[in-house]
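Below is start_31.txt, holding compact mmCIF, C-alpha atoms.
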```
# COMPACT_ATOMS: atom_id res chain seq x y z
CA MET A 30 104.75 82.24 63.06
CA ASN A 31 101.87 83.34 60.85
CA ILE A 32 100.22 86.73 61.06
CA SER A 33 97.12 85.69 62.98
CA SER A 34 99.04 83.95 65.74
CA ARG A 35 101.43 86.88 65.98
CA LEU A 36 98.44 89.20 66.36
CA MET A 37 97.00 86.95 69.01
CA ARG A 38 100.29 86.97 70.84
CA LYS A 39 100.37 90.76 70.76
CA GLY A 40 96.79 90.89 72.02
CA GLU A 41 97.65 88.65 74.94
CA MET A 42 100.67 90.73 75.80
CA THR A 43 98.62 93.93 75.77
CA ARG A 44 96.02 92.26 77.95
CA ALA A 45 98.70 91.16 80.40
CA ALA A 46 100.19 94.67 80.50
CA ILE A 47 96.78 96.23 81.15
CA LEU A 48 96.17 93.69 83.89
CA GLU A 49 99.47 94.42 85.64
CA THR A 50 98.71 98.14 85.62
CA ALA A 51 95.18 97.44 86.84
CA LEU A 52 96.51 95.35 89.73
CA ASP A 53 98.86 98.15 90.67
CA LEU A 54 95.98 100.63 90.65
CA ALA A 55 93.72 98.31 92.62
CA CYS A 56 96.39 97.92 95.32
CA ARG A 57 96.55 101.68 95.73
CA GLU A 58 92.95 102.76 95.17
CA GLY A 59 91.05 99.64 96.10
CA LEU A 60 89.19 97.42 93.66
CA GLU A 61 86.30 99.88 93.65
CA GLY A 62 88.68 102.70 92.78
CA LEU A 63 89.65 100.82 89.63
CA THR A 64 87.91 102.44 86.67
CA ILE A 65 88.33 101.88 82.96
CA GLY A 66 88.91 105.63 82.53
CA LEU A 67 91.78 105.76 85.02
CA LEU A 68 93.29 102.62 83.57
CA ALA A 69 93.05 103.90 79.98
CA GLU A 70 94.80 107.08 81.09
CA LYS A 71 97.65 105.16 82.76
CA MET A 72 98.05 102.96 79.69
CA SER A 73 97.76 105.88 77.24
CA MET A 74 94.99 103.94 75.53
CA SER A 75 91.42 104.81 74.67
CA LYS A 76 88.67 103.50 76.92
CA SER A 77 87.34 101.40 74.08
CA GLY A 78 90.83 99.95 73.67
CA VAL A 79 90.68 98.73 77.26
CA PHE A 80 87.11 97.50 76.83
CA ALA A 81 88.26 95.43 73.84
CA HIS A 82 90.29 93.30 76.25
CA PHE A 83 87.83 93.19 79.15
CA GLY A 84 84.15 93.03 78.48
CA SER A 85 83.15 95.07 81.49
CA ARG A 86 84.55 96.78 84.56
CA GLU A 87 83.44 93.81 86.65
CA ASP A 88 85.25 91.35 84.36
CA LEU A 89 88.36 93.48 84.72
CA GLN A 90 88.07 93.54 88.52
CA ILE A 91 87.71 89.78 88.63
CA ALA A 92 90.68 89.30 86.30
CA VAL A 93 92.72 91.54 88.65
CA LEU A 94 91.65 89.46 91.64
CA ARG A 95 92.69 86.26 89.87
CA LEU A 96 96.08 87.71 88.99
CA TYR A 97 96.54 88.76 92.62
CA HIS A 98 95.60 85.27 93.75
CA GLN A 99 98.05 83.71 91.28
CA GLN A 100 100.91 85.89 92.50
CA PHE A 101 99.96 85.16 96.11
CA GLU A 102 100.14 81.42 95.41
CA GLN A 103 103.45 81.73 93.56
CA GLU A 104 105.10 83.71 96.33
CA ILE A 105 103.65 82.06 99.39
CA PHE A 106 101.88 78.79 98.79
CA TYR A 107 104.00 76.85 96.28
CA PRO A 108 107.45 77.52 97.78
CA SER A 109 106.09 76.49 101.20
CA MET A 110 104.70 73.24 99.83
CA LYS A 111 108.27 72.17 99.08
CA LEU A 112 109.07 72.13 102.79
CA ALA A 113 108.38 69.25 105.14
CA ARG A 114 104.84 68.88 106.47
CA GLY A 115 104.25 70.28 109.92
CA LEU A 116 105.89 73.30 111.50
CA PRO A 117 108.45 73.91 108.71
CA ARG A 118 105.67 74.30 106.15
CA LEU A 119 103.34 76.22 108.48
CA ARG A 120 106.11 78.62 109.48
CA SER A 121 107.03 79.20 105.85
CA LEU A 122 103.41 79.99 104.92
CA PHE A 123 103.18 82.46 107.79
CA GLU A 124 106.58 84.10 107.24
CA ARG A 125 106.10 84.50 103.50
CA TRP A 126 102.64 85.92 104.10
CA VAL A 127 103.97 88.43 106.64
CA LYS A 128 106.76 89.37 104.24
CA ARG A 129 104.26 90.00 101.47
CA VAL A 130 101.97 92.09 103.68
CA THR A 131 105.02 94.06 104.83
CA VAL A 132 105.94 94.84 101.22
CA GLU A 133 102.31 95.74 100.63
CA ILE A 134 102.18 98.23 103.51
CA ALA A 135 102.77 101.05 101.03
CA SER A 136 100.17 99.79 98.57
CA GLY A 137 97.75 97.64 100.56
CA CYS A 138 96.89 93.97 100.55
CA ILE A 139 93.86 93.36 98.35
CA TYR A 140 92.71 90.45 100.52
CA ILE A 141 92.69 92.67 103.62
CA SER A 142 91.55 95.99 102.16
CA GLY A 143 89.05 94.17 99.97
CA ALA A 144 87.49 92.52 103.01
CA THR A 145 86.25 95.84 104.37
CA GLU A 146 85.61 97.23 100.89
CA TYR A 147 83.20 94.40 100.08
CA ASP A 148 81.87 93.35 103.47
CA ASP A 149 78.60 95.19 102.86
CA ARG A 150 78.26 94.48 99.15
CA GLN A 151 76.77 91.65 97.17
CA GLY A 152 77.86 90.34 93.83
CA ALA A 153 80.43 88.51 91.77
CA ILE A 154 83.48 90.40 93.05
CA ARG A 155 82.62 89.90 96.69
CA ASP A 156 81.99 86.19 96.04
CA GLU A 157 85.27 85.77 94.17
CA LEU A 158 87.23 87.59 96.87
CA ALA A 159 85.58 85.69 99.72
CA ALA A 160 86.29 82.39 97.94
CA MET A 161 89.97 83.29 97.56
CA VAL A 162 90.34 84.34 101.19
CA GLY A 163 88.54 81.12 102.13
CA THR A 164 91.00 79.11 100.02
CA TRP A 165 93.90 80.79 101.78
CA GLN A 166 92.43 80.16 105.24
CA ASN A 167 91.88 76.51 104.27
CA ALA A 168 95.50 76.17 103.17
CA LEU A 169 96.57 77.53 106.57
CA LYS A 170 94.18 75.15 108.28
CA ARG A 171 95.50 72.13 106.39
CA ALA A 172 99.09 73.04 107.27
CA THR A 173 98.04 73.42 110.92
CA GLU A 174 96.31 70.03 110.91
CA GLN A 175 99.46 68.47 109.49
CA ALA A 176 101.56 70.09 112.23
CA VAL A 177 99.23 68.49 114.77
CA LYS A 178 99.53 65.11 113.02
CA GLN A 179 103.32 65.39 112.95
CA GLY A 180 103.28 66.00 116.70
CA HIS A 181 104.60 69.55 116.29
CA LEU A 182 101.51 71.13 117.82
CA HIS A 183 99.20 70.04 120.64
CA ALA A 184 96.94 67.11 119.77
CA GLU A 185 93.86 68.88 121.15
CA LEU A 186 94.47 72.10 119.25
CA ASP A 187 91.52 73.43 117.26
CA PRO A 188 92.97 74.28 113.81
CA ASP A 189 90.23 76.84 113.13
CA GLN A 190 91.15 78.64 116.32
CA PHE A 191 94.82 78.58 115.36
CA VAL A 192 94.10 80.04 111.91
CA TYR A 193 91.82 82.66 113.46
CA GLU A 194 94.62 83.85 115.73
CA MET A 195 97.23 83.82 112.95
CA TYR A 196 94.91 85.85 110.79
CA GLY A 197 94.39 88.34 113.61
CA LEU A 198 98.13 88.89 113.96
CA VAL A 199 98.46 89.71 110.26
CA LEU A 200 95.37 91.94 110.23
CA ALA A 201 96.90 93.86 113.15
CA LEU A 202 100.12 94.28 111.16
CA HIS A 203 98.22 95.74 108.22
CA HIS A 204 96.21 97.98 110.58
CA ASP A 205 99.01 99.30 112.75
CA ALA A 206 101.66 99.71 110.06
CA ARG A 207 99.47 100.96 107.23
CA PHE A 208 96.81 103.00 109.01
CA LEU A 209 98.51 104.11 112.23
CA LYS A 210 102.03 104.20 110.66
CA LYS A 211 103.35 102.54 113.81
CA SER A 212 106.84 101.15 113.68
CA GLY A 213 107.78 97.79 115.14
CA SER A 214 104.67 95.96 113.95
CA VAL A 215 106.66 93.35 112.01
CA ASN A 216 108.47 92.45 115.20
CA ARG A 217 105.13 92.13 117.02
CA VAL A 218 103.61 89.80 114.45
CA GLU A 219 106.63 87.50 114.75
CA LEU A 220 106.62 87.54 118.55
CA GLY A 221 102.90 86.81 118.51
CA PHE A 222 103.37 83.82 116.22
CA GLU A 223 106.23 82.42 118.30
CA ARG A 224 104.04 82.68 121.39
CA MET A 225 101.26 80.82 119.58
CA ILE A 226 103.62 78.00 118.64
CA LYS A 227 104.91 77.79 122.19
CA THR A 228 101.58 77.81 123.94
CA TYR A 229 100.13 75.33 121.48
CA ALA A 230 103.21 73.13 121.75
CA PRO A 231 102.54 69.43 122.43
CA GLN A 232 103.92 69.66 125.97
CA CYS A 233 102.53 73.04 127.01
CA GLN A 234 101.10 72.63 130.50
CA GLU A 235 99.11 75.87 130.50
CA TYR A 236 97.29 74.72 127.42
CA GLU A 237 96.58 71.27 128.82
CA GLU A 238 95.33 72.52 132.16
CA HIS A 239 92.86 74.95 130.73
CA HIS A 240 91.74 73.17 127.66
CA MET B 12 61.75 129.97 128.08
CA ASN B 13 61.94 132.86 125.65
CA ILE B 14 61.59 132.54 121.92
CA SER B 15 65.28 132.76 121.02
CA SER B 16 66.37 130.05 123.47
CA ARG B 17 63.51 127.82 122.33
CA LEU B 18 64.68 128.29 118.75
CA MET B 19 68.22 127.46 119.75
CA ARG B 20 67.03 124.36 121.52
CA LYS B 21 65.13 123.28 118.43
CA GLY B 22 68.21 123.91 116.30
CA GLU B 23 70.31 121.75 118.59
CA MET B 24 67.77 118.97 118.51
CA THR B 25 67.64 119.01 114.72
CA ARG B 26 71.42 118.96 114.59
CA ALA B 27 71.50 115.99 116.96
CA ALA B 28 68.88 114.14 114.88
CA ILE B 29 70.83 114.76 111.67
CA LEU B 30 73.97 113.54 113.38
CA GLU B 31 72.38 110.30 114.58
CA THR B 32 71.13 109.56 111.06
CA ALA B 33 74.54 110.44 109.65
CA LEU B 34 76.25 108.04 112.06
CA ASP B 35 73.85 105.32 111.04
CA LEU B 36 74.62 105.96 107.37
CA ALA B 37 78.38 106.08 107.98
CA CYS B 38 78.25 102.71 109.75
CA ARG B 39 76.58 101.17 106.71
CA GLU B 40 78.20 103.02 103.80
CA GLY B 41 81.51 104.07 105.32
CA LEU B 42 82.44 107.64 106.17
CA GLU B 43 83.24 108.29 102.52
CA GLY B 44 79.79 107.04 101.54
CA LEU B 45 78.25 109.74 103.70
CA THR B 46 77.02 112.53 101.45
CA ILE B 47 74.93 115.59 102.22
CA GLY B 48 72.52 114.54 99.47
CA LEU B 49 71.90 111.08 100.90
CA LEU B 50 71.53 112.51 104.39
CA ALA B 51 69.07 115.20 103.26
CA GLU B 52 67.00 112.50 101.57
CA LYS B 53 66.91 110.33 104.72
CA MET B 54 65.95 113.34 106.85
CA SER B 55 63.41 114.64 104.30
CA MET B 56 65.24 117.94 104.39
CA SER B 57 66.78 120.11 101.70
CA LYS B 58 70.53 119.93 101.19
CA SER B 59 70.82 123.56 102.24
CA GLY B 60 68.91 122.65 105.41
CA VAL B 61 71.61 120.11 106.25
CA PHE B 62 74.37 122.55 105.30
CA ALA B 63 72.90 125.08 107.72
CA HIS B 64 73.86 122.75 110.57
CA PHE B 65 77.21 121.57 109.23
CA GLY B 66 79.41 123.93 107.32
CA SER B 67 80.83 121.29 105.02
CA ARG B 68 80.79 117.57 104.31
CA GLU B 69 84.11 117.25 106.11
CA ASP B 70 82.77 119.03 109.21
CA LEU B 71 79.85 116.61 109.17
CA GLN B 72 82.15 113.59 108.87
CA ILE B 73 84.25 114.80 111.78
CA ALA B 74 81.14 115.46 113.90
CA VAL B 75 80.01 111.89 113.13
CA LEU B 76 83.40 110.52 114.18
CA ARG B 77 83.22 112.46 117.47
CA LEU B 78 79.73 111.15 118.19
CA TYR B 79 80.95 107.61 117.50
CA HIS B 80 83.89 108.16 119.83
CA GLN B 81 81.59 109.52 122.54
CA GLN B 82 79.29 106.49 122.31
CA PHE B 83 82.28 104.17 122.32
CA GLU B 84 83.55 105.79 125.53
CA GLN B 85 80.13 105.67 127.15
CA GLU B 86 79.60 102.01 126.38
CA ILE B 87 83.09 100.65 126.86
CA PHE B 88 85.50 102.96 128.60
CA TYR B 89 83.57 104.62 131.45
CA PRO B 90 81.76 101.53 132.79
CA SER B 91 85.08 99.65 132.80
CA MET B 92 86.80 102.42 134.75
CA LYS B 93 84.46 101.69 137.64
CA LEU B 94 85.99 98.23 138.05
CA ALA B 95 89.15 97.47 139.99
CA ARG B 96 92.47 98.14 138.27
CA GLY B 97 94.14 95.14 136.74
CA LEU B 98 92.47 92.16 135.13
CA PRO B 99 88.88 93.09 136.10
CA ARG B 100 89.16 96.41 134.27
CA LEU B 101 91.14 94.98 131.34
CA ARG B 102 88.67 92.14 130.88
CA SER B 103 85.75 94.54 130.97
CA LEU B 104 87.31 96.78 128.32
CA PHE B 105 87.89 93.78 126.10
CA GLU B 106 84.50 92.14 126.64
CA ARG B 107 82.55 95.33 126.10
CA TRP B 108 84.56 96.05 122.99
CA VAL B 109 83.89 92.58 121.60
CA LYS B 110 80.22 92.97 122.43
CA ARG B 111 80.07 96.26 120.58
CA VAL B 112 81.87 94.88 117.52
CA THR B 113 79.50 91.90 117.57
CA VAL B 114 76.50 94.23 117.51
CA GLU B 115 78.20 96.17 114.74
CA ILE B 116 78.72 93.10 112.55
CA ALA B 117 75.60 94.05 110.60
CA SER B 118 76.61 97.68 110.24
CA GLY B 119 80.39 97.81 110.63
CA CYS B 120 82.69 99.33 113.19
CA ILE B 121 83.82 102.77 112.05
CA TYR B 122 87.20 102.38 113.76
CA ILE B 123 87.90 99.16 111.85
CA SER B 124 86.28 99.91 108.49
CA GLY B 125 87.61 103.46 108.66
CA ALA B 126 91.16 102.17 109.09
CA THR B 127 91.19 100.64 105.61
CA GLU B 128 89.02 103.42 104.18
CA TYR B 129 91.54 106.08 105.20
CA ASP B 130 94.83 104.22 105.25
CA ASP B 131 95.84 105.70 101.91
CA ARG B 132 94.33 109.15 102.39
CA GLN B 133 95.60 112.35 103.95
CA GLY B 134 93.60 115.01 105.70
CA ALA B 135 91.56 116.04 108.69
CA ILE B 136 89.31 112.96 108.80
CA ARG B 137 92.18 110.48 108.69
CA ASP B 138 93.98 112.45 111.40
CA GLU B 139 90.91 112.56 113.63
CA LEU B 140 90.23 108.85 113.14
CA ALA B 141 93.86 107.84 113.75
CA ALA B 142 93.94 109.98 116.92
CA MET B 143 90.79 108.27 118.23
CA VAL B 144 92.07 104.77 117.49
CA GLY B 145 95.35 105.81 119.14
CA THR B 146 93.45 106.99 122.22
CA TRP B 147 91.67 103.66 122.42
CA GLN B 148 94.89 101.66 122.03
CA ASN B 149 96.45 103.82 124.77
CA ALA B 150 93.55 103.12 127.10
CA LEU B 151 94.06 99.38 126.51
CA LYS B 152 97.78 99.80 127.10
CA ARG B 153 97.25 101.66 130.39
CA ALA B 154 94.87 98.95 131.61
CA THR B 155 97.45 96.30 130.63
CA GLU B 156 100.22 98.13 132.49
CA GLN B 157 98.01 98.30 135.57
CA ALA B 158 97.35 94.56 135.33
CA VAL B 159 101.11 94.02 135.32
CA LYS B 160 101.53 96.33 138.33
CA GLN B 161 98.77 94.52 140.20
CA GLY B 162 100.60 91.25 139.60
CA HIS B 163 97.78 89.91 137.40
CA LEU B 164 100.01 89.62 134.34
CA HIS B 165 103.67 88.70 133.89
CA ALA B 166 106.11 91.36 135.08
CA GLU B 167 108.13 91.13 131.85
CA LEU B 168 105.15 91.46 129.55
CA ASP B 169 105.41 94.14 126.86
CA PRO B 170 102.09 96.05 127.03
CA ASP B 171 102.38 97.15 123.40
CA GLN B 172 102.69 93.51 122.35
CA PHE B 173 99.67 92.60 124.47
CA VAL B 174 97.55 95.38 122.94
CA TYR B 175 98.72 94.38 119.45
CA GLU B 176 97.52 90.82 119.98
CA MET B 177 94.20 91.90 121.53
CA TYR B 178 93.61 94.18 118.59
CA GLY B 179 94.37 91.37 116.17
CA LEU B 180 91.76 89.13 117.80
CA VAL B 181 89.09 91.80 117.38
CA LEU B 182 90.11 92.61 113.81
CA ALA B 183 89.79 88.91 113.00
CA LEU B 184 86.28 88.91 114.50
CA HIS B 185 85.25 91.82 112.29
CA HIS B 186 86.89 90.14 109.27
CA ASP B 187 85.55 86.62 109.68
CA ALA B 188 82.05 87.47 110.89
CA ARG B 189 81.36 90.48 108.68
CA PHE B 190 83.20 89.65 105.47
CA LEU B 191 83.33 85.85 105.43
CA LYS B 192 80.02 85.45 107.36
CA LYS B 193 81.67 82.71 109.42
CA SER B 194 79.88 81.59 112.52
CA GLY B 195 81.63 80.94 115.81
CA SER B 196 83.95 83.95 115.60
CA VAL B 197 82.75 85.39 118.91
CA ASN B 198 83.73 82.16 120.61
CA ARG B 199 87.17 82.32 118.96
CA VAL B 200 87.86 85.88 120.08
CA GLU B 201 87.06 84.88 123.68
CA LEU B 202 89.18 81.72 123.57
CA GLY B 203 92.03 83.73 122.10
CA PHE B 204 91.84 86.28 124.89
CA GLU B 205 91.72 83.64 127.61
CA ARG B 206 94.80 82.02 126.10
CA MET B 207 96.58 85.38 126.14
CA ILE B 208 95.76 85.90 129.80
CA LYS B 209 96.96 82.40 130.63
CA THR B 210 100.21 82.51 128.72
CA TYR B 211 100.99 85.99 130.01
CA ALA B 212 100.08 84.97 133.56
CA PRO B 213 102.68 85.83 136.23
CA GLN B 214 103.60 82.17 136.74
CA CYS B 215 103.53 80.94 133.13
CA GLN B 216 106.63 78.84 132.60
CA GLU B 217 106.43 78.80 128.81
CA TYR B 218 106.52 82.55 128.81
CA GLU B 219 109.42 82.76 131.26
CA GLU B 220 111.54 80.19 129.47
CA HIS B 221 111.27 81.83 126.10
CA HIS B 222 111.17 85.47 127.03
```

For the file at hand, write its structure as structure tokens.
Amino acid sequence: MNISSRLMRKGEMTRAAILETALDLACREGLEGLTIGLLAEKMSMSKSGVFAHFGSREDLQIAVLRLYHQQFEQEIFYPSMKLARGLPRLRSLFERWVKRVTVEIASGCIYISGATEYDDRQGAIRDELAAMVGTWQNALKRATEQAVKQGHLHAELDPDQFVYEMYGLVLALHHDARFLKKSGSVNRVELGFERMIKTYAPQCQEYEEHH
Amino acid sequence: MNISSRLMRKGEMTRAAILETALDLACREGLEGLTIGLLAEKMSMSKSGVFAHFGSREDLQIAVLRLYHQQFEQEIFYPSMKLARGLPRLRSLFERWVKRVTVEIASGCIYISGATEYDDRQGAIRDELAAMVGTWQNALKRATEQAVKQGHLHAELDPDQFVYEMYGLVLALHHDARFLKKSGSVNRVELGFERMIKTYAPQCQEYEEHH
């Protein structure tokens, strides 16, 4: 390895280390609580040292969002894609998502906290975050549509409605466990999802009658 | 009316006017975005003029929260209490709540935005907010229990589970309509609630079989 590529390698590693610390900070303080000053302090670097790796605070925030998205995909999306289409895959997406939000109760899910942090703001970060959440909702919708096609869910089911209700269950988990410090929320999210699957089952009479 | 009581009256009116403006600001900027400086500017008053009515920023924030709570009760809780116990009352609580959150899409519901704003903070404001949200969830729980007693909902229903799912539907409305700017969310929240009522109905087989 020659000197310049070794230097580049070191630069990339430093950048990755800064980014990991920044993600950690953003999970605790919110993306808006992420400042170059705080990050430099945590990394025992100078502010200009941090700036050398990220052109601006906004670039840093977006890089953090992308890292979060990447980890989210690695933990939830890709392993679920290995399962059979239909309920097995849909269940896996939901369960892995719930598991991740449960782990994040102490720190906070950037997708969920970010939604209220940026719901009244304009700009690149909001757009990036909204696009990522949209991507996630679309992945859930596709898995739901496949479950309908496989005959695992009711043929008349509206996938957008299904995703809306799934999302609500997870938002309630984040709300009750993180803000209200209520116990038992993980059990509730699972019961709620089981009820959804049952009442949207292909043979559910209640659903047919009232649809 | 003598001079001192007229002065007191004027003082109360000014305080009420400041408070209304503060609530408006808090709905837009979040409770943490509410500063004495910003408020003084909006009211064309001096900062010390605002401080004369509220001892501290925290006192002001708590007064704003109490006003919000009062308005919430006036709009949602009290009118619903006039309806018959059971589903009529429960439905009214839910529908009025949804209506209020819908109106607040442009500004933001303090109970919902506040939950992520204060979920990692300690102190008097968090405690006050959590107590208010707890009071609201308890009111929903009581109405659910009454609906069970009246035979309008399944005898084996867990009221905490029911409230959890209702809450999730409304959180999803706030999330999708306010953050993602998705249309049709109001329709989804209503469909979701109707499905809950149906699948938790006293005679629902799906619920009985799997309970």

> Could you name the residues that touch range 125-141 of chain A at 10 Å or less, counting all atoms listed in the file, but leaving out those on the same chain fewer than 6 positions away, as number ranges by chain?
Replying inline: A: 52-60, 93-94, 97-98, 101, 104-106, 108-109, 158-159, 161-162, 165, 198-200, 202-208, 210, 214-215, 218-219; B: 127, 130-131, 186

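One distance worth recording is that between CA of Lys193 in chain B and CA of Asp156 in chain A, which is 13.8 Å.
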
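Comparing the minimum interatomic distances between chain B and each of A:Ala153, A:Met74, A:Ala176, A:Ala144, counting all atoms listed in the file, we find that A:Ala144 sits nearest.
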
>> Neighbouring residues of Glu43 in chain B were defined as those with any atom within 10 Å, considering all atoms listed in the file; residues of the same chain fewer than 4 positions away were excluded. Please report them as a list in words.
In response: Ala37, Arg68, Glu69, Gln72, Gly125, Glu128, Tyr129 and Ile136 of chain B

> Which is closest to chain A among B:Ala51, B:Arg26, B:Val61, B:Gly44, if we use all atoms listed in the file?
Replying inline: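 Of B:Ala51, B:Arg26, B:Val61, B:Gly44, the one nearest chain A, counting all atoms listed in the file, is B:Gly44.
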
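Proximity ranking of B:Ala74, B:Leu168, B:Leu30, B:Leu191 relative to chain A places B:Leu191 first, based on all atoms listed in the file.
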
> In Å, how far is it from CA of Gln133 in chain B to CA of Asn149 in chain B?
Replying inline: 22.5 Å

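Rounded to one decimal, CA of Pro188 in chain A and CA of Thr228 in chain A lie 13.8 Å from each other.
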
> Neighbours of Ala63 in chain B within 12 Å (all atoms listed in the file; same-chain residues fewer than 4 positions away dropped), as a PyMOL selection string?
Replying inline: chain B and resi 22-23+25-26+29+47+51+56-59+67-68+70-71
